[in-house]
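start_17.csv (CSV, C-alpha atoms)
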chain,number,residue,atom,x,y,z
A,26,MET,CA,15.3,-38.6,-68.0
A,27,SER,CA,18.8,-38.9,-69.3
A,28,ALA,CA,21.7,-37.9,-67.1
A,29,ILE,CA,24.2,-35.2,-68.0
A,30,THR,CA,27.3,-36.6,-69.8
A,31,PRO,CA,30.2,-36.0,-67.4
A,32,GLY,CA,32.3,-33.2,-68.8
A,33,GLY,CA,29.5,-32.2,-71.2
A,34,PRO,CA,29.0,-28.5,-72.0
A,35,GLU,CA,25.4,-28.1,-70.9
A,36,PRO,CA,23.0,-29.4,-68.3
A,37,VAL,CA,20.0,-31.5,-69.3
A,38,VAL,CA,16.7,-29.6,-70.0
A,39,THR,CA,13.5,-31.5,-69.4
A,40,ASP,CA,9.8,-30.6,-69.8
A,41,GLU,CA,8.7,-32.4,-66.6
A,42,ASP,CA,9.7,-32.3,-63.0
A,43,PRO,CA,12.3,-35.1,-62.7
A,44,ILE,CA,12.1,-35.4,-58.9
A,45,ARG,CA,10.0,-38.1,-57.3
A,46,ALA,CA,9.5,-38.5,-53.5
A,47,THR,CA,9.4,-42.0,-52.0
A,48,ASP,CA,8.0,-40.7,-48.7
A,49,PRO,CA,5.9,-37.7,-49.5
A,50,VAL,CA,4.0,-35.5,-47.1
A,51,PRO,CA,0.3,-36.1,-47.6
A,52,THR,CA,-1.4,-33.7,-50.0
A,53,PRO,CA,-4.2,-31.8,-48.2
A,54,SER,CA,-7.6,-31.6,-49.8
A,55,SER,CA,-7.7,-27.9,-48.7
A,56,PRO,CA,-6.2,-25.5,-51.3
A,57,PRO,CA,-2.9,-23.9,-50.4
A,58,PRO,CA,-2.4,-20.2,-49.8
A,59,ASP,CA,-1.6,-18.2,-53.0
A,60,ILE,CA,2.0,-17.2,-52.3
A,61,LEU,CA,3.4,-14.1,-54.1
A,62,ARG,CA,7.0,-14.2,-53.1
A,63,ALA,CA,9.6,-14.7,-50.4
A,64,ALA,CA,9.4,-11.3,-48.6
A,65,SER,CA,11.0,-11.2,-45.2
A,66,MET,CA,13.0,-13.2,-42.6
A,67,GLU,CA,13.2,-12.9,-38.8
A,68,LEU,CA,16.7,-13.6,-37.5
A,69,VAL,CA,17.5,-14.0,-33.8
A,70,VAL,CA,21.0,-12.5,-33.1
A,71,THR,CA,23.0,-12.6,-30.0
A,72,ASP,CA,24.6,-9.1,-30.2
A,73,LEU,CA,22.0,-6.7,-31.7
A,74,ALA,CA,24.4,-3.8,-31.9
A,75,ALA,CA,27.0,-5.8,-33.8
A,76,SER,CA,24.4,-7.2,-36.2
A,77,ARG,CA,23.0,-3.7,-36.8
A,78,ARG,CA,26.4,-2.4,-37.7
A,79,PHE,CA,26.9,-5.3,-40.2
A,80,TYR,CA,23.5,-5.0,-41.9
A,81,VAL,CA,23.2,-1.2,-41.8
A,82,ASP,CA,26.7,0.3,-41.8
A,83,VAL,CA,28.3,-2.3,-43.9
A,84,LEU,CA,25.6,-3.7,-46.2
A,85,GLY,CA,23.5,-0.5,-46.3
A,86,LEU,CA,20.0,-1.9,-45.5
A,87,VAL,CA,17.6,0.8,-44.4
A,88,VAL,CA,16.3,1.0,-40.8
A,89,THR,CA,12.5,1.3,-40.9
A,90,GLU,CA,12.0,1.1,-37.2
A,91,GLU,CA,13.8,-0.1,-34.1
A,92,ASP,CA,13.7,-0.4,-30.4
A,93,GLU,CA,16.1,-1.9,-27.8
A,94,ASP,CA,15.3,-5.5,-28.7
A,95,THR,CA,14.5,-5.4,-32.5
A,96,VAL,CA,15.6,-3.7,-35.7
A,97,TYR,CA,13.4,-3.7,-38.8
A,98,LEU,CA,15.3,-3.4,-42.1
A,99,ARG,CA,14.3,-3.1,-45.7
A,100,SER,CA,16.0,-2.9,-49.1
A,101,PHE,CA,15.9,0.1,-51.4
A,102,GLU,CA,13.1,-1.0,-53.8
A,103,GLU,CA,10.8,-2.3,-51.1
A,104,PHE,CA,7.6,-0.6,-50.2
A,105,ILE,CA,6.5,-2.9,-47.4
A,106,HIS,CA,7.6,-2.2,-43.8
A,107,HIS,CA,10.6,-4.6,-43.8
A,108,ASN,CA,12.4,-7.5,-45.4
A,109,LEU,CA,14.6,-8.4,-42.4
A,110,VAL,CA,13.9,-8.5,-38.7
A,111,LEU,CA,16.9,-8.7,-36.3
A,112,ARG,CA,15.7,-9.7,-32.8
A,113,ALA,CA,18.0,-10.1,-29.8
A,114,GLY,CA,18.0,-13.5,-28.3
A,115,PRO,CA,20.1,-16.1,-26.5
A,116,VAL,CA,20.7,-18.4,-29.5
A,117,ALA,CA,21.4,-17.4,-33.1
A,118,ALA,CA,18.7,-18.9,-35.2
A,119,VAL,CA,15.9,-18.3,-37.7
A,120,ALA,CA,12.5,-17.5,-36.2
A,121,ALA,CA,10.4,-17.1,-39.4
A,122,LEU,CA,10.7,-17.4,-43.2
A,123,SER,CA,8.0,-15.0,-44.3
A,124,PHE,CA,5.9,-15.2,-47.6
A,125,ARG,CA,3.5,-12.6,-48.7
A,126,VAL,CA,0.2,-14.0,-50.0
A,127,ARG,CA,-2.2,-12.5,-52.5
A,128,SER,CA,-5.2,-11.8,-50.3
A,129,PRO,CA,-6.5,-11.9,-46.7
A,130,ALA,CA,-8.5,-15.0,-47.7
A,131,ASP,CA,-5.2,-16.8,-48.3
A,132,LEU,CA,-4.5,-16.7,-44.5
A,133,ASP,CA,-7.7,-18.8,-44.0
A,134,ARG,CA,-6.4,-21.1,-46.6
A,135,ALA,CA,-3.0,-21.4,-44.8
A,136,VAL,CA,-4.8,-22.3,-41.6
A,137,ALA,CA,-6.9,-25.0,-43.2
A,138,PHE,CA,-4.0,-26.4,-45.4
A,139,TYR,CA,-1.6,-26.8,-42.4
A,140,GLY,CA,-4.3,-27.7,-40.0
A,141,GLU,CA,-5.2,-30.7,-42.2
A,142,LEU,CA,-1.6,-31.8,-42.0
A,143,GLY,CA,-1.7,-31.7,-38.2
A,144,CYS,CA,0.9,-28.9,-38.0
A,145,ARG,CA,0.9,-26.3,-35.2
A,146,VAL,CA,-0.7,-23.1,-36.5
A,147,ASP,CA,-0.7,-19.7,-34.7
A,148,ARG,CA,-2.5,-16.6,-36.0
A,149,ARG,CA,-2.4,-13.1,-34.8
A,150,ALA,CA,-4.8,-10.4,-36.1
A,151,ASP,CA,-2.3,-7.7,-35.3
A,152,GLY,CA,0.7,-9.6,-36.6
A,153,PHE,CA,3.8,-11.1,-35.1
A,154,ALA,CA,6.0,-8.3,-36.2
A,155,THR,CA,5.6,-4.5,-36.4
A,156,GLY,CA,4.4,-3.4,-39.8
A,157,PHE,CA,2.6,-6.6,-40.7
A,158,GLY,CA,-1.1,-7.1,-40.1
A,159,ASP,CA,-3.1,-10.4,-39.7
A,160,SER,CA,-0.5,-13.1,-40.0
A,161,VAL,CA,-0.2,-16.9,-39.7
A,162,ARG,CA,2.8,-18.8,-38.5
A,163,VAL,CA,3.2,-22.5,-38.7
A,164,VAL,CA,5.9,-25.2,-38.3
A,165,ASP,CA,5.6,-27.1,-41.6
A,166,PRO,CA,6.0,-30.9,-41.9
A,167,LEU,CA,9.7,-30.4,-42.8
A,168,GLY,CA,10.3,-28.5,-39.5
A,169,PHE,CA,10.6,-25.0,-40.8
A,170,PRO,CA,8.9,-21.9,-39.3
A,171,TYR,CA,6.9,-20.3,-42.0
A,172,GLU,CA,4.9,-17.1,-41.8
A,173,PHE,CA,2.2,-15.9,-44.2
A,174,PHE,CA,0.9,-12.3,-44.3
A,175,HIS,CA,-0.9,-9.9,-46.6
A,176,ASP,CA,-1.7,-6.6,-44.9
A,177,VAL,CA,1.3,-4.4,-44.5
A,178,GLN,CA,2.3,-0.9,-43.5
A,179,HIS,CA,3.6,0.9,-46.6
A,180,VAL,CA,6.8,2.9,-46.4
A,181,GLU,CA,8.8,5.0,-48.8
A,182,ARG,CA,10.2,3.1,-51.8
A,183,LEU,CA,13.7,4.5,-52.1
A,184,ALA,CA,14.3,3.4,-55.7
A,185,TRP,CA,14.5,7.0,-56.8
A,186,ARG,CA,16.5,8.3,-53.8
A,187,TYR,CA,19.8,8.1,-55.6
A,188,ASP,CA,21.2,10.6,-53.1
A,189,LEU,CA,21.0,7.7,-50.6
A,190,HIS,CA,22.2,4.9,-52.8
A,191,THR,CA,25.7,3.4,-52.3
A,192,PRO,CA,27.8,1.5,-54.9
A,193,GLY,CA,26.6,-1.7,-53.4
A,194,THR,CA,22.9,-0.9,-52.9
A,195,LEU,CA,20.7,-3.9,-52.0
A,196,VAL,CA,17.4,-3.5,-53.8
A,197,ARG,CA,15.2,-6.4,-52.7
A,198,LEU,CA,15.1,-9.7,-50.9
A,199,ASP,CA,15.3,-12.4,-53.5
A,200,HIS,CA,15.1,-15.9,-51.9
A,201,PHE,CA,15.8,-18.3,-49.1
A,202,ASN,CA,17.8,-21.5,-49.2
A,203,GLN,CA,16.7,-24.3,-46.8
A,204,VAL,CA,18.7,-27.4,-45.7
A,205,THR,CA,16.7,-30.5,-45.4
A,206,PRO,CA,17.6,-34.3,-45.2
A,207,ASP,CA,15.1,-35.5,-47.9
A,208,VAL,CA,15.1,-33.1,-50.9
A,209,PRO,CA,12.5,-35.0,-53.0
A,210,ARG,CA,10.1,-35.0,-50.0
A,211,ALA,CA,10.6,-31.3,-49.5
A,212,VAL,CA,10.1,-30.6,-53.2
A,213,ALA,CA,6.8,-32.6,-53.3
A,214,HIS,CA,5.5,-30.6,-50.3
A,215,LEU,CA,6.4,-27.3,-51.8
A,216,GLU,CA,4.8,-28.3,-55.1
A,217,ASP,CA,1.6,-28.9,-53.0
A,218,LEU,CA,2.1,-25.2,-51.9
A,219,GLY,CA,2.2,-24.1,-55.6
A,220,PHE,CA,6.0,-23.9,-56.1
A,221,ARG,CA,7.6,-25.0,-59.3
A,222,VAL,CA,11.0,-26.5,-59.8
A,223,THR,CA,13.3,-24.5,-62.1
A,224,GLU,CA,16.6,-26.3,-61.6
A,225,ASP,CA,18.1,-29.2,-59.7
A,226,ILE,CA,21.2,-31.3,-59.1
A,227,GLN,CA,21.2,-35.1,-59.5
A,228,ASP,CA,23.5,-38.0,-60.1
A,229,GLU,CA,23.2,-40.9,-62.5
A,230,ALA,CA,21.4,-43.0,-59.9
A,231,GLY,CA,18.7,-40.3,-59.5
A,232,THR,CA,19.8,-39.0,-56.1
A,233,THR,CA,18.7,-35.4,-55.8
A,234,TYR,CA,21.1,-33.1,-54.0
A,235,ALA,CA,19.3,-29.8,-54.3
A,236,ALA,CA,16.3,-28.2,-56.1
A,237,TRP,CA,15.4,-24.6,-56.8
A,238,MET,CA,11.7,-23.6,-56.6
A,239,ARG,CA,9.9,-20.4,-57.4
A,240,ARG,CA,6.6,-18.5,-57.1
A,241,LYS,CA,7.7,-15.2,-58.6
A,242,PRO,CA,9.0,-15.5,-62.2
A,243,THR,CA,12.7,-15.9,-61.4
A,244,VAL,CA,14.8,-18.9,-60.6
A,245,HIS,CA,13.7,-19.3,-57.0
A,246,ASP,CA,12.0,-18.0,-54.0
A,247,THR,CA,13.5,-20.8,-52.0
A,248,ALA,CA,15.8,-23.7,-52.6
A,249,MET,CA,15.9,-27.1,-50.9
A,250,THR,CA,19.5,-28.2,-50.3
A,251,GLY,CA,20.3,-31.7,-49.1
A,252,GLY,CA,21.9,-31.9,-45.7
A,253,ASN,CA,21.3,-32.2,-42.0
A,254,GLY,CA,18.2,-30.2,-41.2
A,255,PRO,CA,15.9,-28.4,-40.9
A,256,ARG,CA,18.3,-25.5,-41.0
A,257,LEU,CA,18.6,-22.3,-43.0
A,258,HIS,CA,21.5,-22.2,-45.5
A,259,HIS,CA,21.1,-18.5,-46.4
A,260,VAL,CA,18.9,-15.6,-47.2
A,261,ALA,CA,19.7,-13.7,-50.4
A,262,PHE,CA,19.4,-10.0,-51.2
A,263,ALA,CA,19.6,-8.8,-54.8
A,264,THR,CA,21.6,-6.0,-56.4
A,265,HIS,CA,21.0,-4.5,-59.9
A,266,GLU,CA,24.4,-5.4,-61.4
A,267,LYS,CA,27.5,-7.5,-60.6
A,268,HIS,CA,29.6,-4.4,-60.2
A,269,ASN,CA,27.5,-3.7,-57.1
A,270,ILE,CA,28.7,-7.0,-55.6
A,271,LEU,CA,32.3,-6.1,-56.4
A,272,ALA,CA,31.8,-2.8,-54.7
A,273,ILE,CA,30.7,-4.6,-51.5
A,274,CYS,CA,33.8,-6.7,-51.7
A,275,ASP,CA,35.9,-3.5,-52.0
A,276,LYS,CA,34.1,-2.0,-49.0
A,277,LEU,CA,34.6,-5.0,-46.9
A,278,GLY,CA,38.3,-4.9,-47.7
A,279,ALA,CA,38.6,-1.2,-46.9
A,280,LEU,CA,36.9,-1.8,-43.6
A,281,ARG,CA,39.2,-4.8,-42.8
A,282,ARG,CA,36.1,-7.0,-42.8
A,283,SER,CA,37.3,-9.5,-45.5
A,284,ASP,CA,36.8,-12.3,-42.9
A,285,CYS,CA,33.1,-11.9,-43.5
A,286,ILE,CA,33.5,-13.2,-47.1
A,287,GLU,CA,33.0,-16.9,-47.1
A,288,ARG,CA,32.8,-17.6,-50.8
A,289,GLY,CA,33.0,-15.7,-54.1
A,290,PRO,CA,32.5,-13.4,-55.8
A,291,GLY,CA,31.7,-15.7,-58.7
A,292,ARG,CA,29.0,-16.8,-61.1
A,293,HIS,CA,26.8,-19.8,-60.5
A,294,GLY,CA,26.1,-22.4,-63.1
A,295,VAL,CA,22.8,-23.2,-61.4
A,296,SER,CA,20.7,-20.0,-61.8
A,297,ASN,CA,23.3,-18.3,-63.9
A,298,ALA,CA,23.5,-15.6,-61.2
A,299,PHE,CA,26.5,-13.6,-60.0
A,300,TYR,CA,27.0,-14.2,-56.3
A,301,LEU,CA,28.8,-13.4,-53.0
A,302,TYR,CA,28.4,-15.3,-49.7
A,303,LEU,CA,28.9,-13.5,-46.5
A,304,ARG,CA,28.6,-14.4,-42.8
A,305,ASP,CA,27.2,-12.0,-40.3
A,306,PRO,CA,28.5,-11.7,-36.7
A,307,ASP,CA,26.5,-14.7,-35.6
A,308,GLY,CA,27.5,-16.8,-38.6
A,309,HIS,CA,24.1,-16.4,-40.4
A,310,ARG,CA,24.9,-16.7,-44.1
A,311,ILE,CA,23.8,-13.9,-46.5
A,312,GLU,CA,24.0,-14.2,-50.2
A,313,ILE,CA,24.3,-11.1,-52.4
A,314,TYR,CA,22.8,-12.1,-55.8
A,315,THR,CA,22.1,-10.7,-59.2
A,316,GLN,CA,21.4,-11.5,-62.9
A,317,ASP,CA,19.4,-14.7,-62.9
A,318,TYR,CA,16.7,-15.2,-65.5
A,319,TYR,CA,13.0,-15.2,-66.2
A,320,THR,CA,11.0,-18.3,-65.5
A,321,GLY,CA,7.4,-17.2,-65.7
A,322,ASP,CA,6.1,-19.0,-68.7
A,323,PRO,CA,4.0,-22.1,-67.9
A,324,ASP,CA,6.2,-24.3,-70.1
A,325,ASN,CA,9.5,-23.0,-68.6
A,326,PRO,CA,11.8,-26.0,-68.9
A,327,VAL,CA,13.5,-27.6,-65.8
A,328,VAL,CA,17.3,-27.6,-65.9
A,329,THR,CA,19.1,-30.6,-64.3
A,330,TRP,CA,22.8,-30.5,-63.4
A,331,ASP,CA,25.0,-33.5,-62.9
A,332,VAL,CA,26.5,-33.5,-59.4
A,333,HIS,CA,29.8,-34.3,-61.0
A,334,ASP,CA,29.8,-31.1,-63.1
A,335,ASN,CA,32.2,-28.8,-61.4
A,336,GLN,CA,30.6,-25.8,-63.0
A,337,ARG,CA,27.2,-26.3,-61.4
A,338,ARG,CA,28.1,-24.4,-58.2
A,339,ASP,CA,30.6,-22.0,-59.8
A,340,TRP,CA,30.6,-21.5,-63.5
A,341,TRP,CA,34.3,-20.7,-63.5
A,342,GLY,CA,35.1,-24.1,-61.9
A,343,ASN,CA,36.3,-22.6,-58.6
A,344,PRO,CA,36.1,-25.0,-55.6
A,345,VAL,CA,33.5,-24.7,-52.9
A,346,VAL,CA,34.7,-24.2,-49.3
A,347,PRO,CA,33.6,-27.1,-47.0
A,348,SER,CA,31.8,-24.7,-44.6
A,349,TRP,CA,29.4,-23.8,-47.4
A,350,TYR,CA,28.3,-27.5,-47.5
A,351,THR,CA,28.3,-28.2,-43.8
A,352,GLU,CA,27.3,-25.1,-41.8
A,353,ALA,CA,23.9,-23.5,-41.6
A,354,SER,CA,21.6,-21.7,-39.1
A,355,LEU,CA,19.3,-23.4,-36.7
A,356,VAL,CA,15.6,-22.8,-37.0
A,357,LEU,CA,13.1,-22.3,-34.2
A,358,ASP,CA,9.7,-23.7,-33.4
A,359,LEU,CA,6.9,-21.3,-32.6
A,360,ASP,CA,7.9,-21.2,-28.9
A,361,GLY,CA,11.4,-20.1,-29.8
A,362,VAL,CA,13.0,-23.5,-29.2
A,363,PRO,CA,15.7,-24.7,-31.7
A,364,GLN,CA,14.3,-27.5,-33.9
A,365,PRO,CA,16.2,-30.9,-33.6
A,366,VAL,CA,18.5,-31.5,-36.6
A,367,VAL,CA,17.9,-34.8,-38.5
A,368,ALA,CA,20.9,-36.3,-40.4
A,369,ARG,CA,20.7,-36.8,-44.1
A,370,THR,CA,20.9,-40.4,-45.1
A,371,ASP,CA,21.4,-40.0,-48.8
A,372,THR,CA,24.9,-39.3,-50.0
A,373,SER,CA,26.0,-35.7,-49.6
A,374,GLU,CA,27.1,-33.4,-52.4
A,375,MET,CA,30.4,-32.7,-50.6
A,376,GLU,CA,31.2,-36.4,-50.2
A,377,VAL,CA,30.6,-37.3,-53.9
A,378,THR,CA,32.4,-34.3,-55.3
A,379,ILE,CA,35.4,-33.7,-53.0
A,380,GLY,CA,36.5,-36.9,-51.4
A,381,ALA,CA,38.7,-37.7,-48.4
A,382,ASP,CA,41.8,-35.8,-49.6
A,383,GLY,CA,40.0,-32.4,-49.8
A,384,PHE,CA,39.5,-30.5,-53.0
A,385,SER,CA,40.9,-33.1,-55.4
A,386,TYR,CA,37.8,-33.3,-57.6
A,387,THR,CA,37.5,-31.6,-60.9
A,388,ARG,CA,35.1,-33.5,-63.2
A,389,LYS,CA,34.1,-37.1,-62.9
A,390,GLY,CA,36.5,-39.3,-64.8
A,391,ASP,CA,39.2,-36.7,-65.2
A,392,ASP,CA,42.8,-37.5,-64.2
A,393,PRO,CA,44.2,-34.6,-62.1
A,394,GLU,CA,47.5,-35.0,-63.9
A,395,GLU,CA,45.8,-34.1,-67.2
A,396,LEU,CA,45.1,-30.6,-65.8
A,397,PRO,CA,47.4,-27.8,-66.7
A,398,SER,CA,50.1,-27.3,-64.2
A,399,TRP,CA,48.6,-24.0,-62.9
A,400,LYS,CA,45.4,-25.9,-62.0
A,401,GLN,CA,46.8,-29.0,-60.4
A,402,GLY,CA,46.3,-29.1,-56.7
A,403,GLU,CA,43.8,-26.3,-56.7
A,404,TYR,CA,41.0,-28.6,-55.5
A,405,LYS,CA,43.1,-30.1,-52.7
A,406,LEU,CA,42.4,-28.4,-49.4
A,407,GLY,CA,45.9,-28.8,-48.1
A,408,HIS,CA,47.3,-27.1,-51.1
A,409,GLN,CA,44.9,-24.1,-50.6
A,410,LEU,CA,46.0,-23.8,-47.0
Would you put the structure from the file into structure tokens?
Amino acid sequence: MSAITPGGPEPVVTDEDPIRATDPVPTPSSPPPDILRAASMELVVTDLAASRRFYVDVLGLVVTEEDEDTVYLRSFEEFIHHNLVLRAGPVAAVAALSFRVRSPADLDRAVAFYGELGCRVDRRADGFATGFGDSVRVVDPLGFPYEFFHDVQHVERLAWRYDLHTPGTLVRLDHFNQVTPDVPRAVAHLEDLGFRVTEDIQDEAGTTYAAWMRRKPTVHDTAMTGGNGPRLHHVAFATHEKHNILAICDKLGALRRSDCIERGPGRHGVSNAFYLYLRDPDGHRIEIYTQDYYTGDPDNPVVTWDVHDNQRRDWWGNPVVPSWYTEASLVLDLDGVPQPVVARTDTSEMEVTIGADGFSYTRKGDDPEELPSWKQGEYKLGHQL
């Protein structure tokens, strides 16, 4: 695989997965569960009332059901009981990344697949969460708490209830983004689960900094981002159009909640999607996301970005705030205990693209003095502050 020419106009497109793991998780002989999509997430929050205000009153998610300890939320096009569970607890963390599978038999496959790997597997015929039936929860070999389910309680799909829509309506849960120390190892394991790589970020030496992987025919159902982990980088909800994201920004400004905006709005190079990153009252990161592209053909090409292309993370070349690279949510084991965080040993994306003086980086090999005067210093943190 050839690397991207620094400063080149486009990423490399390859026909084969360019990521190779040196220490892969063993591939089970048992077939994996047939995953349809990323469907729900369970977040532990320390102030349930504050989190409810953020997700319901500010972002407009719909309350399906709630009690004194838990709120079940869904997006406007969803017909299953929930896409997001807020559960009160002492430590802000992620309790489950939930995938819907094609059939009840896939739950048996999940048990066999992860059991063969020696992972802890719990199963409840009546589900771990209201609205879901027979479900399996595991801690996977990467340390993430995954949930698999098929049977669900159906609820009203609100796609046609335009009387309830707002300018920033969230229509579906789109994807997760997971932080892991060894991206190639994570990619190989998800490929064993049936995921396919759509895009990735590498350098000339072949170090992989992140990879986007899908089951449904979009850019991703989850991404593996290199960093100290296991942690959750973000969960993403989709809107129909980019103007919906701009409306959310306007609403946050009107509510004097602009401090919730961590990054954006902007357009990604990777995925081509329009984005906005927010932080909830506990610091959990939420992406609002729209307008990526179709990837469902079997010969869909993999897109590889050079880590030194400053348009990979933001197509307009805007710098990435350091917190976006360094901060993420803890994940829990099946007993509710935070998983230990393992340090990444490969170079970090922030280290190779920013440097010790802050946001001085533009493109590899560029002289900052060659930039127009109105761009000089933009990438230096001190200048921004």
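Taking atom CA of Asp246 of chain A and atom CA of Trp349 of chain A as endpoints, the distance between them is 19.5 Å.
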(message) For a test of reading the model, state the distance in Å between atom CA of Glu224 of chain A and atom CA of Trp237 of chain A, rounded to one decimal.
(response) 5.2 Å
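When atom CA of Tyr139 of chain A is paired with atom CA of Leu218 of chain A, their separation reads 10.3 Å.
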(request) Determine, counting only C-alpha atoms, which protein, DNA and RNA residues have an atom within 12 Å of an atom of Leu84 of chain A; residues of the same chain fewer than 6 positions away are not included. Present the result as an NGL selection string. (result) :A and (76-78 or 98-101 or 190-196 or 262-264 or 269-270 or 272-277 or 280 or 282 or 285 or 303-305 or 311-313)
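Considering only C-alpha atoms, the residue among A:Thr155, A:Thr329, A:Thr233, A:Thr370 positioned nearest to Ile105 of chain A is A:Thr155.
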Segment 80-195 of chain A residues near segment 206-209 of chain A within 12 Å, closest pair each, using all atoms listed in the file, as JSON lines:
{"residue": "A:Pro166", "atom": "CA", "partner": "A:Asp207", "partner_atom": "CA", "distance": 11.8}
{"residue": "A:Leu167", "atom": "CA", "partner": "A:Asp207", "partner_atom": "CA", "distance": 9.0}
{"residue": "A:Gly168", "atom": "CA", "partner": "A:Pro206", "partner_atom": "CA", "distance": 10.9}
Selection export as a PDB file, in the frame of the given file, atoms kept: C-alpha atoms:
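That gives us again.pdb:
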ATOM      1  CA  PRO A 166       6.000 -30.900 -41.900  1.00  0.00           C
ATOM      2  CA  LEU A 167       9.700 -30.400 -42.800  1.00  0.00           C
ATOM      3  CA  GLY A 168      10.300 -28.500 -39.500  1.00  0.00           C
TER       4      GLY A 168
END
(request) Skip Pro363 of chain A itself and residues of its chain fewer than 5 positions away, then list as a PyMOL selection string all residues within 10 Å of it, counting all atoms listed in the file. (result) chain A and resi 116-120+255-256+354-358
(request) For Glu374 of chain A, work out the shell of residues within 12 Å, counting all atoms listed in the file and skipping chain neighbours fewer than 6 positions away, then give it as an MDAnalysis selection string. (result) chainID A and resid 206 226:228 232:235 250:253 331:335 337:338 345 347 349:351 380 386
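The closest residue to Ala154 of chain A, picked from A:Ser373, A:Thr223, A:Thr95, A:Ser348 and counting only C-alpha atoms, is A:Thr95.
The nearest approach to Val88 of chain A among the residues A:Glu181, A:Gly140, A:Gly158, A:Val163, with only C-alpha atoms taken into account, belongs to A:Glu181.
If you measure from each of A:Ala368, A:Val327, A:Cys144, A:Val204 to Glu352 of chain A using all atoms listed in the file, the closest one turns out to be A:Val204.
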Once N, CA, C and O atoms are restored for segment 310-322 of chain A, what would the output be as an mmCIF file, keeping the file's coordinate frame?
data_model
loop_
_atom_site.group_PDB
_atom_site.id
_atom_site.type_symbol
_atom_site.label_atom_id
_atom_site.label_comp_id
_atom_site.auth_asym_id
_atom_site.auth_seq_id
_atom_site.Cartn_x
_atom_site.Cartn_y
_atom_site.Cartn_z
ATOM 1 N N ARG A 310 24.342 -16.922 -42.786
ATOM 2 C CA ARG A 310 24.900 -16.700 -44.100
ATOM 3 C C ARG A 310 23.967 -15.851 -44.966
ATOM 4 O O ARG A 310 22.765 -16.084 -45.042
ATOM 5 N N ILE A 311 24.563 -14.848 -45.612
ATOM 6 C CA ILE A 311 23.800 -13.900 -46.500
ATOM 7 C C ILE A 311 24.427 -14.010 -47.865
ATOM 8 O O ILE A 311 25.644 -13.931 -48.051
ATOM 9 N N GLU A 312 23.575 -14.209 -48.844
ATOM 10 C CA GLU A 312 24.000 -14.200 -50.200
ATOM 11 C C GLU A 312 23.660 -12.825 -50.839
ATOM 12 O O GLU A 312 22.559 -12.316 -50.622
ATOM 13 N N ILE A 313 24.598 -12.248 -51.593
ATOM 14 C CA ILE A 313 24.300 -11.100 -52.400
ATOM 15 C C ILE A 313 24.258 -11.639 -53.869
ATOM 16 O O ILE A 313 25.170 -12.349 -54.307
ATOM 17 N N TYR A 314 23.211 -11.309 -54.611
ATOM 18 C CA TYR A 314 22.800 -12.100 -55.800
ATOM 19 C C TYR A 314 22.298 -11.180 -56.874
ATOM 20 O O TYR A 314 21.609 -10.188 -56.598
ATOM 21 N N THR A 315 22.623 -11.498 -58.121
ATOM 22 C CA THR A 315 22.100 -10.700 -59.200
ATOM 23 C C THR A 315 22.173 -11.450 -60.536
ATOM 24 O O THR A 315 22.970 -12.373 -60.698
ATOM 25 N N GLN A 316 21.313 -11.063 -61.482
ATOM 26 C CA GLN A 316 21.400 -11.500 -62.900
ATOM 27 C C GLN A 316 21.008 -12.947 -63.101
ATOM 28 O O GLN A 316 21.649 -13.642 -63.886
ATOM 29 N N ASP A 317 19.939 -13.428 -62.445
ATOM 30 C CA ASP A 317 19.400 -14.700 -62.900
ATOM 31 C C ASP A 317 18.451 -14.482 -64.034
ATOM 32 O O ASP A 317 18.554 -13.452 -64.706
ATOM 33 N N TYR A 318 17.506 -15.372 -64.294
ATOM 34 C CA TYR A 318 16.700 -15.200 -65.500
ATOM 35 C C TYR A 318 15.231 -15.446 -65.273
ATOM 36 O O TYR A 318 14.807 -15.926 -64.224
ATOM 37 N N TYR A 319 14.426 -15.095 -66.270
ATOM 38 C CA TYR A 319 13.000 -15.200 -66.200
ATOM 39 C C TYR A 319 12.488 -16.598 -66.339
ATOM 40 O O TYR A 319 12.976 -17.354 -67.186
ATOM 41 N N THR A 320 11.496 -16.970 -65.519
ATOM 42 C CA THR A 320 11.000 -18.300 -65.500
ATOM 43 C C THR A 320 9.453 -18.387 -65.554
ATOM 44 O O THR A 320 8.869 -19.430 -65.253
ATOM 45 N N GLY A 321 8.796 -17.278 -65.894
ATOM 46 C CA GLY A 321 7.400 -17.200 -65.700
ATOM 47 C C GLY A 321 6.455 -17.882 -66.629
ATOM 48 O O GLY A 321 5.264 -18.033 -66.339
ATOM 49 N N ASP A 322 6.945 -18.335 -67.790
ATOM 50 C CA ASP A 322 6.100 -19.000 -68.700
ATOM 51 C C ASP A 322 5.652 -20.391 -68.169
ATOM 52 O O ASP A 322 6.440 -21.055 -67.496
#
